[in-house]
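Participant: Would you mind keeping the following structure in view while I ask a few things?
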Amino acid sequence: MPRALSEQETEAFRERLCEAAARLYVEEGPGAVTLRRLAGELGVGTMTPYRYFDNKEEIITAVRTRGLNRFSEALERALDSPGDGRTRSRAVRDAYIAFARDNTATYRLMFEYPETRRDDPAYRQAYERMWRTVSAHVEVMIAEGTVAADPAILGHQIWASLHGAVMLEIAGMLPEGFDAASLHTRTVSALFDTARPAPALPR
């Protein structure tokens with residue numbers, strides 16, 4: 001009978017399993033993510049992964065849920081940094097890019113492939129947390145009067161441009177001399193210019 005694992009050991013193994021699943025999903029496609037293959041990747045018995053997940057869909061959802069929560073934690077810490085709205089917005093951008101660079105397989109799995117279990121409560125909670133965090137810096141600038149816009153629309157515009165820059169960097173397709181941050185800086189400056197509050201009319 002296998003030894004019962006501590007809570008810390010169980011969590012560590014789940015993390016290793018999720019990391020291996022994300023890597024296989026990105027490198028070889030969804031068909032590569034099987035519990036048998038994951039057992040081989042981790043050097044454990046073929047039945048061991050079944051102690052943690054029932055099937056592949058549960059694993060993929062767990063990868064996304066864990067990734068979204070870690071992603072949100074990084075952005076939340078950045079948003080809590082000192083400075084005005086634009087400074088904090090840049091901190092969020094830098095944290096976003098750093099996460100994507102340091103966790104490329106998980107990042108791609110979070111956003112590049114269709115969702116499989118949108119009704120999973122933990123996943124939905126993690127996704128909603130991520131979206132609140134992504135748009136929060138826009139709300140800060142609106143409160144300061146730096147921009148005047150629908151925070152959901154402007155937040156999606158900024159997010160779309162940042163995600164695009166990150167994916168181009170991952171693919172090695174950015175223009176020479178640019179990285180995700182420098183390209184996004186140009187794009188977001190134009191977005192902020194269009195969202196600048198209209199000057200008050202003279203009385």
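Just so we're on the same page: first chain in the structure tokens is A, next is B, and so on; residues restart at 1 for each chain, and ligands are numbered from 1 in the order they show up.
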Quick one: contact table of segment 102-167 of chain A to segment 70-75 of chain A, 7 Å max, nearest atom pair and distance in Å to one decimal per residue, counting only C-alpha atoms, chain and number order, as a tab-separated table?
Facilitator:
```
residue	atom	partner	partner_atom	distance
A:Arg129	CA	A:Ser72	CA	6.8
A:Met130	CA	A:Ser72	CA	5.1
A:Thr133	CA	A:Ser72	CA	6.3
```
Participant: May I have the residues from that selection written out with N, CA, C and O atoms, as a tab-separated table (two decimals), in the first residue's frame?
Facilitator:
```tsv
chain	number	residue	atom	x	y	z
A	129	ARG	N	-11.16	36.50	-11.20
A	129	ARG	CA	-10.11	37.21	-10.47
A	129	ARG	C	-9.09	37.80	-11.43
A	129	ARG	O	-8.68	38.96	-11.29
A	130	MET	N	-8.70	37.02	-12.43
A	130	MET	CA	-7.73	37.50	-13.40
A	130	MET	C	-8.26	38.73	-14.15
A	130	MET	O	-7.55	39.72	-14.29
A	133	THR	N	-8.22	41.84	-12.09
A	133	THR	CA	-6.85	42.34	-11.91
A	133	THR	C	-6.33	43.00	-13.16
A	133	THR	O	-5.67	44.06	-13.11
```
Participant: Which of these, A:Arg186, A:Arg117, A:Arg108, A:Arg77, has the shortest distance to His137 of chain A once you count only C-alpha atoms?
Facilitator: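 Among the listed residues, the smallest separation from His137 of chain A belongs to A:Arg77.
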Participant: Considering only C-alpha atoms, return as a list in words whatever protein or nucleic-acid residues lie within 12 Å of Arg124 of chain A, sequence-local ones (same chain, fewer than 2 positions apart) excluded.
Facilitator: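 Final neighbour list, sorted by chain and number: Thr61, Ala62, Arg64, Thr65, Arg66, Leu68, Asn69, Glu115, Thr116, Arg117, Arg118, Asp119, Asp120, Pro121, Ala122, Ala126, Tyr127, Glu128, Arg129, Met130 and Trp131 of chain A.
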Participant: Have a look at A:Gly145, A:Val140, A:Leu109, A:Gly164 and name the one nearest to Gly29 of chain A; count only C-alpha atoms.
Facilitator: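 So, comparing all the options, the nearest one is A:Leu109.
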Participant: With a distance cut-off of 8 Å and only C-alpha atoms, select the neighbouring residues of Ala21 of chain A, excluding the residue or stretch itself and same-chain residues fewer than 2 positions from it, and output the selection as an MDAnalysis selection string.
Facilitator: chainID A and resid 17:19 23:25 33 38 59:60 63
Participant: When DSSP is applied to the backbone of this structure, which of segment 11-132 of chain A are assigned helix (DSSP H, G or I)? Write them out as JSON, numbers by chain.
Facilitator: {"A": [11, 12, 13, 14, 15, 16, 17, 18, 19, 20, 21, 22, 23, 24, 25, 26, 27, 28, 30, 31, 32, 35, 36, 37, 38, 39, 40, 41, 42, 48, 49, 50, 51, 56, 57, 58, 59, 60, 61, 62, 63, 64, 65, 66, 67, 68, 69, 70, 71, 72, 73, 74, 75, 76, 77, 78, 79, 85, 86, 87, 88, 89, 90, 91, 92, 93, 94, 95, 96, 97, 98, 99, 100, 101, 102, 104, 105, 106, 107, 108, 109, 110, 111, 121, 122, 123, 124, 125, 126, 127, 128, 129, 130, 131, 132]}
Participant: If we count only C-alpha atoms, what is near Leu35 of chain A at a cut-off of 12 Å, once residues fewer than 6 positions away on the same chain are taken out, given as an MDAnalysis selection string?
Facilitator: chainID A and resid 17:18 20:21 24 41:42 44:60
Participant: Return the single residue from A:Glu11, A:Tyr107, A:Tyr113, A:Glu76 that is closest to Ala95 of chain A, with distances computed using only C-alpha atoms.
Facilitator: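 Checking each candidate against Ala95 of chain A, we get A:Glu76 as the closest.
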Participant: Please identify all polymer residues within 7 Å of Ala165 of chain A, counting only C-alpha atoms, omitting same-chain residues fewer than 6 positions from it, and present them as a list in words.
Facilitator: Ala180, Leu183 and His184 of chain A
Participant: Hey, can you check how far atom CA of Pro151 of chain A sits from atom CA of Ala100 of chain A?
Facilitator: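 One can read the atom CA of Pro151 of chain A to atom CA of Ala100 of chain A distance as 23.5 Å.
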